[in-house]
Amino acid sequence: MTGAAGAQLAATVDVGPSEADWAAAEGLIRALPSTGRVLLICHVNPDGDALGSMLGFGLGLRQLGVHRLQATFPGPPEVPEPFRGLPGMELLVPASDADPAPDLVICFDAASESRLGELADRLSTAGAALVLDHHASNPGFGKVNLVDPGAAATSVVADRLLTRLGVTVDRAIAECLYVALTTDTGSFRFEATTPAVHQLAARLLATGISPGDISRRVFDTRPFGAVRLFGEVLGRARLEPAAADGRGLVWTFATLDDLARHDQRPYVLEALIDSVRCTAEADVSCVLKQTAPAEWAVSMRSKGAVNVSRVAVALGGGGHTFAAGFTGRGSVEQVVEAIRGELAGALIPAVG
């Protein structure tokens with residue numbers, strides 16, 4: 001790991017927000033004038049937690065009487081198909097139409113300023129900036145930062161702040177937060193799923209939302225072209241048992257030509273990592289998704305032996321201990337070689 005990357009990792013958040021942080025966040029929202037303009041931003045290529053947390057919180061603000069309200073994300077204004085039925089979609093505007101100088105900007109699920117793309121300038125043009133996140137690698141780039149690495153999803157942080165604000169979590173807000181919670185916990189399969197996570201899920205379900213319908217929409221529906229695409233990309237997967245000091249690495253890649261050949265949009269590839277990570281012989285799984293010539297969005301997962309956040313930070317990205325990512329540049333082989341070079345230094349010490 002380079003000195004700069006090591007310094008960045010050392011500076012990341014390792015404890016949750018203090019009572020003063022929560023009070024400051026609550027104060028920013030309560031201090032808004034009746035004509036106050038609020039801009040909600042989530043990260044580029046938004047997933048369920050980013051969109052669900054942002055839209056659910058936006059609906060909560062509207063309940064509080066905040067009406068000059070926009071929600072947006074950087075890049076093309078395309079919401080992935082599984083999330084297009086979320087309540088609160090009417091709040092969304094293209095990044096090009098986002099308020100250039102809102103009274104308050106609130107960022108959701110973005111581990112760094114770079115994940116805000118062309119909207120990152122709002123951090124300085126807004127009257128104040130509030131960050132809600134759960135990535136341990138988040139350096140805290142807002143005026144007020146609610147960054148809780150112990151939270152299973154950003155929606156957990158959003159729900160706690162909504163509670164402090166006295167918002168009633170109705171069925172619409174609950175659906176947004178539940179989608180966020182289920183996507184980031186892998187349907188409650190990942191290590192961050194605690195008793196408190198199930199208690200939150202129970203409260204959300206008690207509003208009357210349908211977990212079966214949500215699951216079918218979000219997890220169990222994809223175009224036939226995506227099924228064919230997955231088959232092709234999985235067919236080129238490589239297993240390297242000796243990587244990560246013998247813990248094993250499995251990886252594959254998808255190109256822009258692959259997407260075009262199967263007439264698919266990039267968001268369908270987000271679920272591909274789940275099919276790769278089940279490989280029994282590898283602790284670390286990795287999917288490279290081409291975003292431009294010689295540029296790749298890299299997703300990594302670990303089963304517990306490797307801190308993939310450490311790998312991602314060293315390569316310019318970030319994330320969680322067992323789920324992280326970064327932008328890789330060069331050929332597939334060059335990006336994978338860079339990952340190999342960082343794995344041995346990211347082993348998690350055995351306990352006992």
# chains A, B, ... in the order shown; residues from 1 in each chain; ligands from 1

$ residues_around --residues "range 325-334 of chain A" --least-positions-apart "5" --cutoff "8 Å" --atoms "only C-alpha atoms" --output "PyMOL selection string"
chain A and resi 253+288+294-300+309+312-313+315-319

$ select_by_dssp --residues "range 33-223 of chain A" --states "strand (DSSP E)" --output "list of chain:residue names"
A:Arg37, A:Val38, A:Leu39, A:Leu40, A:Ile41, A:Cys42, A:Arg68, A:Leu69, A:Gln70, A:Ala71, A:Thr72, A:Leu104, A:Val105, A:Ile106, A:Cys107, A:Phe108, A:Ala129, A:Leu130, A:Val131, A:Leu132, A:Asp133, A:Val144, A:Asn145, A:Leu146, A:Val147

$ residues_around --residues "Leu256 in chain A" --least-positions-apart "6" --cutoff "8 Å" --atoms "only C-alpha atoms" --output "ChimeraX atom specification"
/A:290-292

$ write_last_selection --atoms "N, CA and C atoms" --output "short mmCIF file (atom, residue, chain, number, x, y, z; two decimals), in the first residue's frame"
data_model
loop_
_atom_site.label_atom_id
_atom_site.label_comp_id
_atom_site.auth_asym_id
_atom_site.auth_seq_id
_atom_site.Cartn_x
_atom_site.Cartn_y
_atom_site.Cartn_z
N GLN A 290 -16.73 -3.01 -17.62
CA GLN A 290 -16.17 -1.93 -18.43
C GLN A 290 -17.13 -0.75 -18.49
N THR A 291 -16.60 0.45 -18.26
CA THR A 291 -17.40 1.66 -18.34
C THR A 291 -16.95 2.59 -19.46
N ALA A 292 -15.74 2.38 -19.95
CA ALA A 292 -15.17 3.17 -21.04
C ALA A 292 -13.95 2.41 -21.53
#

$ residues_around --residues "Gly52 in chain A" --least-positions-apart "6" --cutoff "7 Å" --atoms "only C-alpha atoms" --output "CSV table (one decimal) with N, CA, C and O atoms, in the first residue's frame"
chain,number,residue,atom,x,y,z
A,176,CYS,N,-39.3,2.3,0.7
A,176,CYS,CA,-38.0,2.8,0.2
A,176,CYS,C,-36.9,2.3,1.2
A,176,CYS,O,-35.8,1.8,0.7
A,177,LEU,N,-37.1,2.4,2.5
A,177,LEU,CA,-36.1,2.0,3.5
A,177,LEU,C,-35.9,0.5,3.5
A,177,LEU,O,-34.8,0.0,3.7
A,179,VAL,N,-36.3,-1.6,0.8
A,179,VAL,CA,-35.6,-2.0,-0.3
A,179,VAL,C,-34.1,-1.7,-0.1
A,179,VAL,O,-33.2,-2.5,-0.4
A,180,ALA,N,-33.8,-0.5,0.5
A,180,ALA,CA,-32.4,-0.2,0.8
A,180,ALA,C,-31.8,-1.2,1.8
A,180,ALA,O,-30.7,-1.6,1.6

$ atom_distance --atom1 "CA of Leu69 in chain A" --atom2 "CA of Asn145 in chain A"
20.3 Å

$ residues_around --residues "range 147-162 of chain A" --least-positions-apart "3" --cutoff "6 Å" --atoms "only C-alpha atoms" --output "list in words"
Gly16, Ser53, Asp109, Leu132, Asp133, His134, His135, Ala136, Leu165, Val167, Leu177, Ala180, Leu181, Asp184 and Ala192 of chain A

$ write_last_selection --atoms "all heavy atoms" --output "mmCIF file, in the first residue's frame"
data_model
loop_
_atom_site.group_PDB
_atom_site.id
_atom_site.type_symbol
_atom_site.label_atom_id
_atom_site.label_comp_id
_atom_site.auth_asym_id
_atom_site.auth_seq_id
_atom_site.Cartn_x
_atom_site.Cartn_y
_atom_site.Cartn_z
ATOM 1 N N GLY A 16 -19.051 5.326 15.158
ATOM 2 C CA GLY A 16 -20.277 5.929 14.687
ATOM 3 C C GLY A 16 -20.413 7.384 15.103
ATOM 4 O O GLY A 16 -19.583 7.932 15.833
ATOM 5 N N SER A 53 -32.621 4.988 0.428
ATOM 6 C CA SER A 53 -32.358 5.898 1.546
ATOM 7 C C SER A 53 -32.692 7.328 1.166
ATOM 8 O O SER A 53 -33.314 8.075 1.929
ATOM 9 C CB SER A 53 -30.895 5.805 1.981
ATOM 10 O OG SER A 53 -30.579 4.512 2.435
ATOM 11 N N ASP A 109 -25.079 7.538 1.005
ATOM 12 C CA ASP A 109 -24.395 6.318 0.589
ATOM 13 C C ASP A 109 -23.169 6.566 -0.292
ATOM 14 O O ASP A 109 -22.732 5.674 -1.005
ATOM 15 C CB ASP A 109 -25.379 5.389 -0.127
ATOM 16 C CG ASP A 109 -24.981 3.927 -0.059
ATOM 17 O OD1 ASP A 109 -24.545 3.484 1.020
ATOM 18 O OD2 ASP A 109 -25.099 3.209 -1.080
ATOM 19 N N LEU A 132 -24.900 11.320 5.017
ATOM 20 C CA LEU A 132 -25.410 10.100 5.651
ATOM 21 C C LEU A 132 -24.784 8.916 4.934
ATOM 22 O O LEU A 132 -24.939 8.756 3.713
ATOM 23 C CB LEU A 132 -26.941 10.005 5.536
ATOM 24 C CG LEU A 132 -27.789 10.730 6.589
ATOM 25 C CD1 LEU A 132 -27.577 12.238 6.512
ATOM 26 C CD2 LEU A 132 -29.263 10.389 6.411
ATOM 27 N N ASP A 133 -24.076 8.068 5.691
ATOM 28 C CA ASP A 133 -23.357 6.978 5.038
ATOM 29 C C ASP A 133 -23.010 5.898 6.061
ATOM 30 O O ASP A 133 -23.142 6.106 7.275
ATOM 31 C CB ASP A 133 -22.080 7.515 4.385
ATOM 32 C CG ASP A 133 -21.392 6.494 3.485
ATOM 33 O OD1 ASP A 133 -22.092 5.624 2.927
ATOM 34 O OD2 ASP A 133 -20.163 6.550 3.362
ATOM 35 N N HIS A 134 -22.547 4.750 5.559
ATOM 36 C CA HIS A 134 -22.122 3.675 6.453
ATOM 37 C C HIS A 134 -20.829 3.018 5.985
ATOM 38 O O HIS A 134 -20.497 1.927 6.435
ATOM 39 C CB HIS A 134 -23.234 2.621 6.607
ATOM 40 C CG HIS A 134 -23.474 1.781 5.381
ATOM 41 N ND1 HIS A 134 -23.604 0.409 5.425
ATOM 42 C CD2 HIS A 134 -23.609 2.119 4.082
ATOM 43 C CE1 HIS A 134 -23.817 -0.069 4.214
ATOM 44 N NE2 HIS A 134 -23.828 0.951 3.380
ATOM 45 N N HIS A 135 -20.096 3.673 5.086
ATOM 46 C CA HIS A 135 -18.817 3.131 4.627
ATOM 47 C C HIS A 135 -17.681 3.545 5.565
ATOM 48 O O HIS A 135 -17.487 4.743 5.817
ATOM 49 C CB HIS A 135 -18.505 3.609 3.214
ATOM 50 C CG HIS A 135 -19.458 3.110 2.177
ATOM 51 N ND1 HIS A 135 -20.606 3.792 1.823
ATOM 52 C CD2 HIS A 135 -19.451 1.970 1.451
ATOM 53 C CE1 HIS A 135 -21.253 3.107 0.900
ATOM 54 N NE2 HIS A 135 -20.584 1.987 0.661
ATOM 55 N N ALA A 136 -16.933 2.578 6.039
ATOM 56 C CA ALA A 136 -15.832 2.873 6.960
ATOM 57 C C ALA A 136 -14.751 3.733 6.312
ATOM 58 O O ALA A 136 -14.009 4.438 6.996
ATOM 59 C CB ALA A 136 -15.210 1.574 7.475
ATOM 60 N N LEU A 165 -36.380 13.327 14.024
ATOM 61 C CA LEU A 165 -37.114 14.470 13.490
ATOM 62 C C LEU A 165 -38.619 14.346 13.705
ATOM 63 O O LEU A 165 -39.370 15.269 13.390
ATOM 64 C CB LEU A 165 -36.816 14.619 11.987
ATOM 65 C CG LEU A 165 -35.396 15.077 11.639
ATOM 66 C CD1 LEU A 165 -35.119 14.844 10.164
ATOM 67 C CD2 LEU A 165 -35.193 16.548 12.002
ATOM 68 N N VAL A 167 -40.628 12.114 12.247
ATOM 69 C CA VAL A 167 -41.339 11.684 11.040
ATOM 70 C C VAL A 167 -42.052 10.361 11.303
ATOM 71 O O VAL A 167 -41.480 9.447 11.916
ATOM 72 C CB VAL A 167 -40.355 11.523 9.861
ATOM 73 C CG1 VAL A 167 -41.019 10.824 8.676
ATOM 74 C CG2 VAL A 167 -39.807 12.884 9.450
ATOM 75 N N LEU A 177 -37.090 2.397 2.483
ATOM 76 C CA LEU A 177 -36.076 1.983 3.452
ATOM 77 C C LEU A 177 -35.894 0.472 3.461
ATOM 78 O O LEU A 177 -34.776 -0.033 3.652
ATOM 79 C CB LEU A 177 -36.434 2.482 4.851
ATOM 80 C CG LEU A 177 -36.510 3.994 5.041
ATOM 81 C CD1 LEU A 177 -36.824 4.327 6.494
ATOM 82 C CD2 LEU A 177 -35.209 4.672 4.599
ATOM 83 N N ALA A 180 -33.799 -0.525 0.515
ATOM 84 C CA ALA A 180 -32.416 -0.181 0.832
ATOM 85 C C ALA A 180 -31.790 -1.199 1.774
ATOM 86 O O ALA A 180 -30.651 -1.645 1.579
ATOM 87 C CB ALA A 180 -32.365 1.217 1.451
ATOM 88 N N LEU A 181 -32.526 -1.581 2.793
ATOM 89 C CA LEU A 181 -32.007 -2.504 3.809
ATOM 90 C C LEU A 181 -31.785 -3.900 3.231
ATOM 91 O O LEU A 181 -30.750 -4.531 3.492
ATOM 92 C CB LEU A 181 -32.995 -2.573 4.977
ATOM 93 C CG LEU A 181 -32.540 -3.293 6.251
ATOM 94 C CD1 LEU A 181 -31.357 -2.573 6.877
ATOM 95 C CD2 LEU A 181 -33.701 -3.381 7.245
ATOM 96 N N ASP A 184 -28.650 -4.000 0.671
ATOM 97 C CA ASP A 184 -27.301 -3.908 1.228
ATOM 98 C C ASP A 184 -26.975 -5.023 2.219
ATOM 99 O O ASP A 184 -25.809 -5.204 2.574
ATOM 100 C CB ASP A 184 -27.083 -2.545 1.886
ATOM 101 C CG ASP A 184 -26.116 -1.685 1.087
ATOM 102 O OD1 ASP A 184 -26.106 -1.809 -0.153
ATOM 103 O OD2 ASP A 184 -25.375 -0.893 1.679
ATOM 104 N N ALA A 192 -23.306 -8.021 8.504
ATOM 105 C CA ALA A 192 -23.813 -6.846 9.217
ATOM 106 C C ALA A 192 -25.259 -7.000 9.657
ATOM 107 O O ALA A 192 -25.823 -6.090 10.266
ATOM 108 C CB ALA A 192 -23.679 -5.606 8.327
#

$ residues_around --residues "range 28-39 of chain A" --least-positions-apart "5" --cutoff "10 Å" --atoms "only C-alpha atoms" --output "MDAnalysis selection string"
chainID A and resid 23 58 61 64:72 91 98:107 122 126:130 143:144 165

$ atom_distance --atom1 "CA of Glu26 in chain A" --atom2 "CA of Phe188 in chain A"
29.0 Å

$ atom_distance --atom1 "CA of Leu55 in chain A" --atom2 "CA of Gly88 in chain A"
5.4 Å

$ residues_around --residues "range 243-248 of chain A" --least-positions-apart "5" --cutoff "8 Å" --atoms "only C-alpha atoms" --output "VMD selection string"
chain A and resid 281 to 284 305 to 306 340 343 to 344 347

$ write_last_selection --atoms "all heavy atoms" --output "mmCIF file, in the first residue's frame"
data_model
loop_
_atom_site.group_PDB
_atom_site.id
_atom_site.type_symbol
_atom_site.label_atom_id
_atom_site.label_comp_id
_atom_site.auth_asym_id
_atom_site.auth_seq_id
_atom_site.Cartn_x
_atom_site.Cartn_y
_atom_site.Cartn_z
ATOM 1 N N GLU A 281 -13.934 -22.340 -3.591
ATOM 2 C CA GLU A 281 -12.473 -22.370 -3.495
ATOM 3 C C GLU A 281 -11.827 -20.997 -3.349
ATOM 4 O O GLU A 281 -10.593 -20.903 -3.316
ATOM 5 C CB GLU A 281 -11.887 -23.049 -4.740
ATOM 6 C CG GLU A 281 -12.287 -24.504 -4.895
ATOM 7 C CD GLU A 281 -13.587 -24.685 -5.685
ATOM 8 O OE1 GLU A 281 -14.329 -23.670 -5.864
ATOM 9 O OE2 GLU A 281 -13.857 -25.810 -6.118
ATOM 10 N N ALA A 282 -12.613 -19.937 -3.281
ATOM 11 C CA ALA A 282 -12.030 -18.590 -3.228
ATOM 12 C C ALA A 282 -12.667 -17.753 -2.134
ATOM 13 O O ALA A 282 -13.892 -17.709 -2.013
ATOM 14 C CB ALA A 282 -12.193 -17.890 -4.573
ATOM 15 N N ASP A 283 -11.829 -17.097 -1.336
ATOM 16 C CA ASP A 283 -12.345 -16.149 -0.348
ATOM 17 C C ASP A 283 -12.736 -14.841 -1.016
ATOM 18 O O ASP A 283 -13.726 -14.223 -0.642
ATOM 19 C CB ASP A 283 -11.291 -15.868 0.722
ATOM 20 C CG ASP A 283 -11.796 -14.884 1.772
ATOM 21 O OD1 ASP A 283 -12.495 -15.338 2.693
ATOM 22 O OD2 ASP A 283 -11.520 -13.675 1.644
ATOM 23 N N VAL A 284 -11.959 -14.417 -1.999
ATOM 24 C CA VAL A 284 -12.181 -13.127 -2.653
ATOM 25 C C VAL A 284 -12.783 -13.336 -4.030
ATOM 26 O O VAL A 284 -12.309 -14.175 -4.813
ATOM 27 C CB VAL A 284 -10.868 -12.326 -2.780
ATOM 28 C CG1 VAL A 284 -11.108 -11.011 -3.500
ATOM 29 C CG2 VAL A 284 -10.261 -12.082 -1.404
ATOM 30 N N ALA A 305 -11.621 -13.658 5.070
ATOM 31 C CA ALA A 305 -10.175 -13.750 5.275
ATOM 32 C C ALA A 305 -9.424 -12.514 4.812
ATOM 33 O O ALA A 305 -8.279 -12.291 5.223
ATOM 34 C CB ALA A 305 -9.619 -14.981 4.554
ATOM 35 N N VAL A 306 -10.046 -11.704 3.960
ATOM 36 C CA VAL A 306 -9.368 -10.550 3.364
ATOM 37 C C VAL A 306 -10.208 -9.296 3.553
ATOM 38 O O VAL A 306 -11.430 -9.320 3.369
ATOM 39 C CB VAL A 306 -9.120 -10.789 1.854
ATOM 40 C CG1 VAL A 306 -8.496 -9.547 1.213
ATOM 41 C CG2 VAL A 306 -8.218 -11.998 1.641
ATOM 42 N N ARG A 340 -4.189 -8.452 -7.340
ATOM 43 C CA ARG A 340 -3.346 -9.529 -6.794
ATOM 44 C C ARG A 340 -2.256 -8.955 -5.899
ATOM 45 O O ARG A 340 -1.945 -9.492 -4.837
ATOM 46 C CB ARG A 340 -2.681 -10.310 -7.918
ATOM 47 C CG ARG A 340 -3.572 -11.216 -8.715
ATOM 48 C CD ARG A 340 -2.719 -12.126 -9.596
ATOM 49 N NE ARG A 340 -3.487 -12.657 -10.692
ATOM 50 C CZ ARG A 340 -3.446 -12.215 -11.944
ATOM 51 N NH1 ARG A 340 -2.634 -11.204 -12.257
ATOM 52 N NH2 ARG A 340 -4.190 -12.766 -12.868
ATOM 53 N N LEU A 343 -3.639 -8.062 -2.351
ATOM 54 C CA LEU A 343 -4.395 -9.021 -1.549
ATOM 55 C C LEU A 343 -3.628 -9.537 -0.337
ATOM 56 O O LEU A 343 -4.166 -9.601 0.776
ATOM 57 C CB LEU A 343 -4.840 -10.194 -2.421
ATOM 58 C CG LEU A 343 -5.989 -9.904 -3.386
ATOM 59 C CD1 LEU A 343 -6.248 -11.136 -4.276
ATOM 60 C CD2 LEU A 343 -7.261 -9.517 -2.633
ATOM 61 N N ALA A 344 -2.363 -9.926 -0.531
ATOM 62 C CA ALA A 344 -1.612 -10.519 0.577
ATOM 63 C C ALA A 344 -1.469 -9.533 1.741
ATOM 64 O O ALA A 344 -1.445 -9.950 2.910
ATOM 65 C CB ALA A 344 -0.247 -10.977 0.098
ATOM 66 N N LEU A 347 -4.757 -9.320 4.329
ATOM 67 C CA LEU A 347 -5.290 -10.454 5.086
ATOM 68 C C LEU A 347 -5.706 -10.015 6.482
ATOM 69 O O LEU A 347 -5.042 -9.212 7.133
ATOM 70 C CB LEU A 347 -4.231 -11.556 5.183
ATOM 71 C CG LEU A 347 -3.785 -12.203 3.869
ATOM 72 C CD1 LEU A 347 -2.727 -13.269 4.154
ATOM 73 C CD2 LEU A 347 -4.962 -12.798 3.115
#

$ closest_residue --among "A:Val227, A:Asp49, A:Ser18, A:Lys303" --to "Arg189 in chain A" --atoms "only C-alpha atoms"
A:Lys303

$ select_by_dssp --residues "range 155-263 of chain A" --states "alpha helix (DSSP H)" --output "ChimeraX atom specification"
/A:155-164,171-184,195-205,211-218,224-235,243-246,256-261

$ decode --residues "range 76-87 of chain A" --atoms "all heavy atoms" --output "compact mmCIF listing (two decimals), in the first residue's frame"
# COMPACT_ATOMS: atom_id res chain seq x y z
N PRO A 76 -25.81 9.67 -16.23
CA PRO A 76 -27.08 9.58 -16.96
C PRO A 76 -28.26 9.40 -15.99
O PRO A 76 -28.15 8.66 -15.02
CB PRO A 76 -26.91 8.34 -17.84
CG PRO A 76 -25.43 8.18 -17.97
CD PRO A 76 -24.85 8.66 -16.67
N PRO A 77 -29.38 10.08 -16.24
CA PRO A 77 -30.53 10.01 -15.32
C PRO A 77 -31.35 8.74 -15.53
O PRO A 77 -32.55 8.79 -15.80
CB PRO A 77 -31.33 11.26 -15.67
CG PRO A 77 -31.04 11.48 -17.12
CD PRO A 77 -29.61 11.04 -17.33
N GLU A 78 -30.70 7.60 -15.40
CA GLU A 78 -31.35 6.31 -15.63
C GLU A 78 -31.42 5.52 -14.32
O GLU A 78 -30.38 5.16 -13.75
CB GLU A 78 -30.60 5.49 -16.68
CG GLU A 78 -31.24 4.15 -16.97
CD GLU A 78 -30.48 3.34 -18.01
OE1 GLU A 78 -29.31 3.67 -18.28
OE2 GLU A 78 -31.07 2.39 -18.53
N VAL A 79 -32.63 5.28 -13.86
CA VAL A 79 -32.82 4.48 -12.64
C VAL A 79 -32.88 3.01 -13.04
O VAL A 79 -33.63 2.64 -13.95
CB VAL A 79 -34.13 4.88 -11.93
CG1 VAL A 79 -34.40 3.97 -10.74
CG2 VAL A 79 -34.05 6.33 -11.48
N PRO A 80 -32.11 2.15 -12.40
CA PRO A 80 -32.17 0.72 -12.71
C PRO A 80 -33.60 0.18 -12.62
O PRO A 80 -34.36 0.56 -11.72
CB PRO A 80 -31.26 0.08 -11.66
CG PRO A 80 -30.28 1.17 -11.33
CD PRO A 80 -31.07 2.43 -11.39
N GLU A 81 -33.96 -0.69 -13.55
CA GLU A 81 -35.32 -1.20 -13.64
C GLU A 81 -35.89 -1.71 -12.31
O GLU A 81 -37.05 -1.42 -11.98
CB GLU A 81 -35.37 -2.32 -14.69
CG GLU A 81 -36.74 -2.95 -14.87
CD GLU A 81 -37.76 -2.00 -15.44
OE1 GLU A 81 -37.40 -1.14 -16.26
OE2 GLU A 81 -38.94 -2.11 -15.06
N PRO A 82 -35.12 -2.47 -11.50
CA PRO A 82 -35.72 -2.99 -10.26
C PRO A 82 -36.19 -1.93 -9.29
O PRO A 82 -36.99 -2.22 -8.40
CB PRO A 82 -34.57 -3.81 -9.65
CG PRO A 82 -33.68 -4.15 -10.79
CD PRO A 82 -33.76 -2.96 -11.70
N PHE A 83 -35.71 -0.68 -9.45
CA PHE A 83 -36.03 0.37 -8.48
C PHE A 83 -36.98 1.44 -9.04
O PHE A 83 -37.27 2.41 -8.35
CB PHE A 83 -34.75 1.04 -7.98
CG PHE A 83 -33.71 0.06 -7.52
CD1 PHE A 83 -32.43 0.06 -8.05
CD2 PHE A 83 -34.02 -0.89 -6.55
CE1 PHE A 83 -31.49 -0.85 -7.63
CE2 PHE A 83 -33.07 -1.81 -6.12
CZ PHE A 83 -31.81 -1.80 -6.67
N ARG A 84 -37.46 1.24 -10.25
CA ARG A 84 -38.28 2.29 -10.88
C ARG A 84 -39.67 2.40 -10.26
O ARG A 84 -40.36 3.38 -10.48
CB ARG A 84 -38.38 2.03 -12.39
CG ARG A 84 -37.07 2.28 -13.11
CD ARG A 84 -37.13 2.00 -14.58
NE ARG A 84 -35.80 2.09 -15.18
CZ ARG A 84 -35.50 1.73 -16.41
NH1 ARG A 84 -36.46 1.24 -17.20
NH2 ARG A 84 -34.27 1.85 -16.87
N GLY A 85 -40.08 1.42 -9.49
CA GLY A 85 -41.37 1.49 -8.84
C GLY A 85 -41.33 2.05 -7.43
O GLY A 85 -42.34 2.06 -6.74
N LEU A 86 -40.15 2.53 -7.00
CA LEU A 86 -40.03 3.06 -5.64
C LEU A 86 -40.90 4.30 -5.44
O LEU A 86 -40.98 5.16 -6.33
CB LEU A 86 -38.58 3.44 -5.34
CG LEU A 86 -37.62 2.32 -4.94
CD1 LEU A 86 -36.19 2.87 -4.84
CD2 LEU A 86 -38.03 1.70 -3.60
N PRO A 87 -41.54 4.43 -4.29
CA PRO A 87 -42.23 5.69 -3.98
C PRO A 87 -41.22 6.84 -3.96
O PRO A 87 -40.04 6.65 -3.68
CB PRO A 87 -42.79 5.44 -2.58
CG PRO A 87 -42.88 3.95 -2.45
CD PRO A 87 -41.71 3.42 -3.23
